[in-house]
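Structure file target00.txt; described as compact mmCIF, C-alpha atoms.
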# COMPACT_ATOMS: atom_id res chain seq x y z
CA MET A 1 60.41 98.55 90.74
CA LEU A 2 62.75 96.02 89.15
CA TYR A 3 65.09 94.06 91.40
CA LEU A 4 68.26 92.59 89.87
CA ASN A 5 70.55 90.31 91.85
CA GLU A 6 74.17 89.73 90.81
CA SER A 7 73.23 86.88 88.45
CA ASP A 8 70.59 89.10 86.83
CA VAL A 9 73.14 91.90 86.39
CA ALA A 10 75.54 89.46 84.73
CA ALA A 11 72.79 88.12 82.44
CA SER A 12 71.90 91.69 81.43
CA GLY A 13 75.35 92.53 80.12
CA GLY A 14 77.26 92.97 83.37
CA HIS A 15 80.34 91.24 81.94
CA ASP A 16 80.20 93.06 78.59
CA TRP A 17 83.50 94.93 78.81
CA ILE A 18 83.17 96.48 75.35
CA ALA A 19 79.87 98.07 76.36
CA ALA A 20 81.37 99.08 79.72
CA LEU A 21 84.19 100.94 77.97
CA GLU A 22 81.67 102.88 75.93
CA ASP A 23 79.55 103.58 79.04
CA VAL A 24 82.60 104.96 80.84
CA ARG A 25 83.64 107.10 77.89
CA ARG A 26 80.16 108.63 77.61
CA ALA A 27 79.98 109.26 81.35
CA PHE A 28 83.37 111.03 81.42
CA GLN A 29 82.49 113.13 78.40
CA CYS A 30 79.13 114.06 79.91
CA HIS A 31 80.83 115.00 83.18
CA ALA A 32 83.49 117.10 81.41
CA ARG A 33 80.74 118.95 79.53
CA GLU A 34 79.08 119.66 82.91
CA ASP A 35 75.94 117.80 81.84
CA SER A 36 76.09 115.75 85.04
CA VAL A 37 75.57 116.43 88.73
CA LEU A 38 78.05 114.79 91.06
CA PRO A 39 77.85 115.75 94.75
CA PRO A 40 80.76 114.74 97.00
CA LYS A 41 80.73 111.19 98.29
CA VAL A 42 79.42 110.73 101.81
CA THR A 43 81.57 108.47 103.98
CA LEU A 44 79.92 106.83 106.98
CA PRO A 45 82.38 105.44 109.53
CA ILE A 46 81.05 102.91 112.02
CA PRO A 47 81.85 103.03 115.75
CA TYR A 48 82.77 99.36 116.05
CA ALA A 49 85.10 99.33 113.03
CA GLU A 50 88.24 98.81 115.11
CA LYS A 51 86.83 95.57 116.49
CA ILE A 52 86.17 93.98 113.09
CA GLY A 53 88.62 95.77 110.82
CA PRO A 54 91.65 94.12 109.25
CA SER A 55 95.12 94.61 110.70
CA SER A 56 96.04 96.75 107.67
CA GLY A 57 94.09 98.76 105.16
CA PRO A 58 91.09 101.03 105.76
CA LEU A 59 88.70 100.35 108.60
CA PRO A 60 85.25 99.08 107.59
CA HIS A 61 82.95 101.88 106.48
CA TYR A 62 80.13 102.80 104.09
CA VAL A 63 80.09 105.24 101.18
CA ALA A 64 77.09 106.87 99.47
CA MET A 65 77.64 108.03 95.88
CA PRO A 66 74.76 110.08 94.38
CA ALA A 67 74.88 111.13 90.74
CA TYR A 68 72.85 112.42 87.80
CA LEU A 69 73.70 111.90 84.14
CA GLY A 70 72.18 114.08 81.47
CA GLY A 71 72.55 113.89 77.73
CA ASN A 72 71.32 110.59 76.32
CA ILE A 73 71.46 108.91 79.78
CA PRO A 74 68.88 110.93 81.76
CA TYR A 75 68.98 108.95 85.00
CA ALA A 76 69.60 109.86 88.60
CA GLY A 77 70.66 107.36 91.21
CA PHE A 78 73.10 106.42 93.91
CA LYS A 79 75.43 103.62 94.90
CA TRP A 80 75.63 102.44 98.52
CA VAL A 81 78.98 100.80 99.13
CA SER A 82 80.27 98.62 101.95
CA VAL A 83 84.07 98.56 102.30
CA GLY A 84 86.15 96.18 104.36
CA HIS A 85 83.54 94.05 106.15
CA PRO A 86 85.21 90.63 106.47
CA TYR A 87 82.12 88.67 107.46
CA GLN A 88 82.87 85.84 105.02
CA VAL A 89 86.24 84.58 103.83
CA ASP A 90 85.21 84.59 100.17
CA GLN A 91 83.31 87.89 100.31
CA PRO A 92 84.71 90.76 98.21
CA ASP A 93 86.26 93.60 100.17
CA ILE A 94 83.87 95.99 98.38
CA THR A 95 80.18 95.20 97.92
CA ALA A 96 77.49 97.55 96.69
CA VAL A 97 73.88 98.13 95.74
CA ILE A 98 72.70 100.66 93.13
CA VAL A 99 69.34 102.44 92.92
CA ILE A 100 68.35 104.29 89.75
CA GLN A 101 65.42 106.66 89.41
CA SER A 102 62.97 106.78 86.52
CA PRO A 103 63.64 109.80 84.31
CA ASP A 104 59.88 110.21 83.84
CA SER A 105 58.10 109.60 87.14
CA GLY A 106 60.90 110.13 89.65
CA TYR A 107 60.07 106.81 91.31
CA PRO A 108 62.85 104.26 91.81
CA ALA A 109 63.04 102.31 88.56
CA ALA A 110 65.38 99.60 89.79
CA ILE A 111 67.52 98.40 92.62
CA MET A 112 70.38 96.13 91.65
CA ASP A 113 73.48 94.49 93.02
CA GLY A 114 76.40 96.83 92.38
CA THR A 115 79.35 94.60 93.23
CA LEU A 116 80.02 93.39 89.68
CA ILE A 117 79.28 96.84 88.26
CA THR A 118 81.82 98.40 90.65
CA ALA A 119 84.50 95.92 89.64
CA ILE A 120 84.02 96.24 85.89
CA ARG A 121 83.57 100.02 85.85
CA THR A 122 86.81 100.55 87.78
CA ALA A 123 88.77 98.33 85.40
CA ALA A 124 87.00 99.94 82.43
CA VAL A 125 88.11 103.40 83.62
CA THR A 126 91.71 102.15 83.77
CA ALA A 127 91.33 100.60 80.31
CA VAL A 128 90.07 103.88 78.83
CA ALA A 129 92.97 105.72 80.48
CA ALA A 130 95.36 103.15 79.00
CA GLN A 131 93.88 103.60 75.53
CA GLU A 132 94.47 107.34 75.81
CA LEU A 133 97.74 107.54 77.76
CA ALA A 134 99.74 104.30 77.59
CA PRO A 135 103.06 104.18 75.72
CA PRO A 136 102.48 102.72 72.23
CA TYR A 137 105.00 99.94 72.77
CA ALA A 138 103.50 98.70 76.08
CA GLU A 139 104.43 95.03 76.51
CA VAL A 140 104.58 94.63 80.30
CA LEU A 141 101.71 95.31 82.70
CA GLY A 142 102.30 95.43 86.44
CA ILE A 143 99.40 94.90 88.84
CA ILE A 144 99.76 95.32 92.58
CA GLY A 145 96.75 93.79 94.33
CA ALA A 146 95.10 90.43 93.73
CA GLY A 147 91.62 91.10 95.09
CA ALA A 148 88.45 91.63 93.04
CA GLN A 149 89.83 94.79 91.44
CA GLY A 150 93.17 93.22 90.61
CA ALA A 151 91.39 90.26 89.05
CA MET A 152 89.13 92.44 86.90
CA HIS A 153 92.06 94.54 85.73
CA LEU A 154 93.98 91.38 84.87
CA ARG A 155 91.03 90.14 82.85
CA LEU A 156 90.16 93.38 81.04
CA LEU A 157 93.39 95.27 80.34
CA PRO A 158 94.87 92.66 77.97
CA GLN A 159 91.79 93.22 75.79
CA VAL A 160 92.87 96.80 75.06
CA LEU A 161 96.65 96.29 75.02
CA PRO A 162 97.36 94.32 71.82
CA LYS A 163 101.16 94.25 72.28
CA LEU A 164 101.03 92.97 75.86
CA LYS A 165 103.38 90.04 76.46
CA GLN A 166 103.68 89.78 80.23
CA ILE A 167 101.71 90.62 83.38
CA ARG A 168 103.69 90.95 86.60
CA LEU A 169 101.43 90.41 89.61
CA TYR A 170 102.23 91.18 93.24
CA ASN A 171 100.11 90.81 96.35
CA ARG A 172 101.02 91.05 100.01
CA SER A 173 99.78 87.46 100.34
CA ARG A 174 101.70 85.60 97.63
CA SER A 175 99.34 82.62 97.79
CA LYS A 176 96.44 84.89 96.81
CA ALA A 177 98.38 86.17 93.81
CA GLU A 178 99.32 82.63 92.80
CA GLU A 179 95.70 81.51 93.06
CA LEU A 180 94.59 84.39 90.82
CA ALA A 181 97.34 83.69 88.30
CA SER A 182 96.40 80.02 88.16
CA ARG A 183 92.72 80.86 87.70
CA MET A 184 93.39 83.37 84.90
CA LYS A 185 96.19 81.68 82.94
CA ASN A 186 93.79 80.14 80.42
CA GLU A 187 91.85 83.40 79.96
CA VAL A 188 94.83 85.66 79.30
CA LYS A 189 97.28 85.19 76.44
CA ALA A 190 100.05 87.16 78.11
CA GLU A 191 102.41 85.37 80.50
CA ILE A 192 101.47 85.94 84.17
CA VAL A 193 104.43 86.17 86.54
CA VAL A 194 103.85 86.31 90.30
CA THR A 195 106.57 88.38 91.95
CA GLY A 196 107.89 88.06 95.48
CA GLN A 197 108.39 91.81 95.97
CA ALA A 198 106.47 94.88 94.84
CA GLN A 199 109.60 96.29 93.21
CA GLU A 200 109.76 93.32 90.85
CA ALA A 201 106.25 94.13 89.61
CA VAL A 202 107.12 97.80 89.04
CA VAL A 203 110.58 98.09 87.48
CA GLU A 204 109.83 96.44 84.14
CA SER A 205 106.25 97.68 83.76
CA ASP A 206 105.20 99.94 80.90
CA ILE A 207 101.81 100.23 82.59
CA LEU A 208 101.45 99.94 86.36
CA VAL A 209 98.18 99.61 88.29
CA THR A 210 97.92 99.68 92.08
CA ALA A 211 94.58 98.33 93.29
CA THR A 212 95.02 97.68 96.98
CA SER A 213 93.35 98.53 100.27
CA SER A 214 96.63 99.86 101.66
CA SER A 215 96.41 103.10 103.60
CA GLY A 216 99.75 102.91 105.37
CA GLU A 217 103.25 103.07 103.91
CA PRO A 218 103.43 103.63 100.12
CA ILE A 219 104.14 100.59 97.97
CA VAL A 220 105.63 102.30 94.89
CA HIS A 221 108.84 104.33 94.96
CA GLY A 222 110.25 106.70 92.41
CA GLU A 223 113.51 104.90 91.65
CA TRP A 224 111.49 101.90 90.47
CA LEU A 225 109.51 103.74 87.77
CA LYS A 226 110.41 103.00 84.18
CA GLU A 227 110.80 105.76 81.59
CA GLY A 228 107.53 106.17 79.69
CA VAL A 229 105.42 104.39 82.30
CA LEU A 230 101.70 104.99 82.70
CA TYR A 231 100.81 104.63 86.38
CA VAL A 232 97.15 104.23 87.36
CA GLN A 233 96.25 104.65 91.02
CA VAL A 234 93.02 102.86 91.94
CA GLY A 235 93.48 102.55 95.70
CA ARG A 236 94.50 104.99 98.40
CA HIS A 237 98.02 106.10 99.41
CA GLU A 238 100.00 103.59 97.35
CA ILE A 239 102.79 105.74 95.91
CA ALA A 240 105.48 107.78 97.65
CA PHE A 241 105.44 111.58 97.42
CA GLU A 242 108.88 111.61 95.79
CA ALA A 243 107.63 109.26 93.07
CA VAL A 244 104.74 111.56 92.18
CA ARG A 245 107.21 114.36 91.46
CA GLN A 246 108.76 112.27 88.67
CA PHE A 247 105.67 112.34 86.45
CA ASP A 248 105.57 114.65 83.45
CA LYS A 249 101.77 114.72 83.39
CA ILE A 250 99.20 113.97 86.09
CA LEU A 251 95.54 113.43 85.21
CA VAL A 252 92.59 112.61 87.47
CA ASP A 253 88.98 111.59 87.10
CA ASP A 254 87.76 114.52 89.26
CA TRP A 255 90.05 116.61 91.43
CA GLU A 256 87.36 117.98 93.78
CA GLN A 257 86.17 114.45 94.49
CA ILE A 258 89.74 113.36 95.25
CA ARG A 259 90.31 116.39 97.46
CA HIS A 260 87.03 115.86 99.32
CA ARG A 261 87.72 112.17 99.95
CA GLY A 262 91.19 113.08 101.19
CA VAL A 263 92.73 109.58 101.22
CA GLN A 264 94.68 109.31 97.97
CA THR A 265 98.27 110.40 97.56
CA LEU A 266 97.60 113.66 95.70
CA ALA A 267 95.13 114.83 98.35
CA LEU A 268 97.57 113.93 101.13
CA MET A 269 100.36 115.81 99.35
CA GLU A 270 98.18 118.90 99.05
CA GLN A 271 97.23 118.68 102.72
CA GLU A 272 100.91 118.67 103.66
CA GLY A 273 101.86 121.48 101.26
CA GLU A 274 103.84 119.09 99.06
CA TRP A 275 101.80 119.53 95.86
CA ARG A 276 99.39 122.01 94.26
CA CYS A 277 96.40 121.23 92.07
CA SER A 278 97.73 123.80 89.59
CA CYS A 279 100.23 121.06 88.65
CA LEU A 280 97.39 118.95 87.22
CA HIS A 281 97.44 118.40 83.48
CA GLY A 282 93.66 117.88 83.51
CA THR A 283 90.98 115.22 83.67
CA LEU A 284 90.37 112.10 81.65
CA GLY A 285 87.05 113.57 80.52
CA GLN A 286 88.83 116.64 79.13
CA ARG A 287 91.19 114.34 77.26
CA LEU A 288 88.29 112.36 75.79
CA LEU A 289 86.72 115.60 74.54
CA GLY A 290 90.02 116.65 72.97
CA ARG A 291 90.38 119.68 75.25
CA ILE A 292 93.83 118.64 76.45
CA VAL A 293 96.59 116.63 74.80
CA GLY A 294 97.42 113.11 75.92
CA ARG A 295 100.78 111.41 75.60
CA GLU A 296 103.21 113.44 73.50
CA SER A 297 106.24 111.17 73.63
CA ALA A 298 107.12 107.57 74.37
CA SER A 299 109.37 108.67 77.24
CA GLU A 300 106.79 110.68 79.20
CA ARG A 301 105.90 109.37 82.64
CA ILE A 302 102.15 109.83 83.17
CA MET A 303 100.04 109.30 86.28
CA PHE A 304 96.27 108.88 86.35
CA SER A 305 94.58 108.95 89.75
CA SER A 306 91.02 107.64 89.92
CA ILE A 307 88.86 108.00 93.03
CA GLY A 308 85.82 106.46 91.28
CA LEU A 309 82.85 108.51 90.06
CA GLY A 310 79.18 107.73 90.56
CA VAL A 311 78.41 108.87 87.00
CA THR A 312 80.35 105.88 85.62
CA ASP A 313 78.43 103.45 87.84
CA LEU A 314 75.18 105.09 86.80
CA ALA A 315 75.96 104.85 83.08
CA ILE A 316 76.57 101.10 83.35
CA ALA A 317 73.58 100.57 85.67
CA ALA A 318 71.27 102.39 83.22
CA ARG A 319 72.37 100.08 80.40
CA ILE A 320 71.90 97.02 82.62
CA TYR A 321 68.40 98.18 83.58
CA GLU A 322 67.37 98.78 79.98
CA GLN A 323 68.70 95.42 78.83
CA ALA A 324 67.06 93.62 81.75
CA THR A 325 63.65 95.11 80.99
CA ALA A 326 64.04 94.31 77.29
CA ARG A 327 64.95 90.67 78.05
CA GLY A 328 62.48 90.11 80.89
CA ILE A 329 65.22 89.56 83.48
CA GLY A 330 64.77 90.24 87.18
CA GLN A 331 61.93 90.41 89.66
CA TRP A 332 59.31 93.15 89.75
CA LEU A 333 58.52 94.44 93.23
CA ALA A 334 55.38 96.30 94.19
CA ARG A 335 55.82 99.84 95.51
Hey, can you dump this file as structure tokens for me?
Amino acid sequence: MLYLNESDVAASGGHDWIAALEDVRRAFQCHAREDSVLPPKVTLPIPYAEKIGPSSGPLPHYVAMPAYLGGNIPYAGFKWVSVGHPYQVDQPDITAVIVIQSPDSGYPAAIMDGTLITAIRTAAVTAVAAQELAPPYAEVLGIIGAGAQGAMHLRLLPQVLPKLKQIRLYNRSRSKAEELASRMKNEVKAEIVVTGQAQEAVVESDILVTATSSSGEPIVHGEWLKEGVLYVQVGRHEIAFEAVRQFDKILVDDWEQIRHRGVQTLALMEQEGEWRCSCLHGTLGQRLLGRIVGRESASERIMFSSIGLGVTDLAIAARIYEQATARGIGQWLAR
């Protein structure tokens, strides 16, 4: 069995965003064709979470994400995720490990660090959604959240938005947003503006991404949304119910996964009788297969809600594994 630490994953193409976009596209298309198997995520709460959890955001917990991809990526595997364990100041809020199974023998083929893969696959999903659904004139990107996900979105989205001129960044801790902006200013051509209020990051944005750990009061309100905006929800309950009603189209990665997890805004609205899944326009996978239309006018407000699918992690992990074996990267462990 091959073991790949985070440095090994990076050396095997972990930062290759162009490849990640293609991995994500293939995974969504495979899933939409029903060539994949994607059981519901298993969430494992821990009894001492209240003692170590942050004052806001979700309590520390674990998530297991099994998946199988068919087609030209015949791998099974799972991701084991740790969320919200603040043991070290510089530790990401989300860490992970991924195990993939050999398509031939059924034995574990590799175990690898999944933290980088999680970060880049989430931003890659948003980037694919932007390629399909963003307004053609998009010049301003708003990002709420300056953690690992916010940073990866800030790094990757400008690569697929050629007309982007400005990125408006907001974080509850302004110093964290300023540190990220300072670190990224030489990597990103667009101007990065740190805002003092969430509203300032929303009102001018042609594309808005919320990537926070917030599970309390919504951050985004309807009167702030610009005509023609594409809103991508990466976190939990970050947008007010009344704001959701303003969108002309709502797409998801997988509705049953969102409903089962039960923490994102759409699931909460359904639970309270404020929204019905019949209002969904469809999934991103259906759009990529051409089964549904995407943006039909520059003025449409479109929402894409992404809970995160194990098939996208698995697609990237399979590529990493194949490149690592081809390049002789990693450590072989005896069974």
Original post:
Leaving out segment 136-149 of chain A and any residue of its chain fewer than 3 positions from it, which residues lie within 7 Å of it when counting all atoms listed in the file, given as a PyMOL selection string?
Top reply: chain A and resi 92+119+152-153+163-171+176-177+180+201-202+204-212
**OP:** Excluding Ala324 of chain A and residues on its chain fewer than 4 positions from it, collect all residues at most 9 Å away from it, counting all atoms listed in the file, and give them as a ChimeraX atom specification.
**Re:** /A:2,4,8-9,11-13,319-320,328-330
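Between Thr118 of chain A and the residues A:Leu251, A:Ala20, A:Val220, A:Val203, the shortest atom-to-atom distance, using all atoms listed in the file, involves A:Ala20.
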Original post:
With all atoms listed in the file as the atoms that count, which of A:Ala326, A:Ala240, A:Ile111, A:Leu59 lies nearest to Trp80 of chain A?
Top reply: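 Looking at the shortest contact to Trp80 of chain A, the residue is A:Ile111.
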Cut-off 12 Å: closest segment 67-181 of chain A/segment 280-284 of chain A atom pairs per residue, using all atoms listed in the file, as a tab-separated table:
residue	atom	partner	partner_atom	distance
A:Val125	CA	A:Leu284	CA	9.2
A:Thr126	CA	A:Leu284	CA	10.3
A:Ala127	CA	A:Leu284	CA	11.6
A:Val128	CA	A:Leu284	CA	8.7
A:Ala129	CA	A:Leu284	CA	7.0
A:Ala130	CA	A:Leu284	CA	10.6
A:Gln131	CA	A:Leu284	CA	11.0
A:Glu132	CA	A:Leu284	CA	8.6
A:Leu133	CA	A:Leu284	CA	9.5
Original post:
Any idea what the distance is between atom CA of Gln199 of chain A and atom CA of Asn186 of chain A?
Top reply: 26.0 Å
Box dimensions and centre (Å, one decimal) enclosing segment 186-189 of chain A, axis-aligned, 8 Å extra per side, as lines of an AutoDock Vina configuration file:
center_x = 94.6
center_y = 82.9
center_z = 78.4
size_x = 21.4
size_y = 21.5
size_z = 20.0
Original post:
What is the atom CA of Glu300 of chain A to atom CA of Arg245 of chain A distance in Å?
Top reply: 12.8 Å
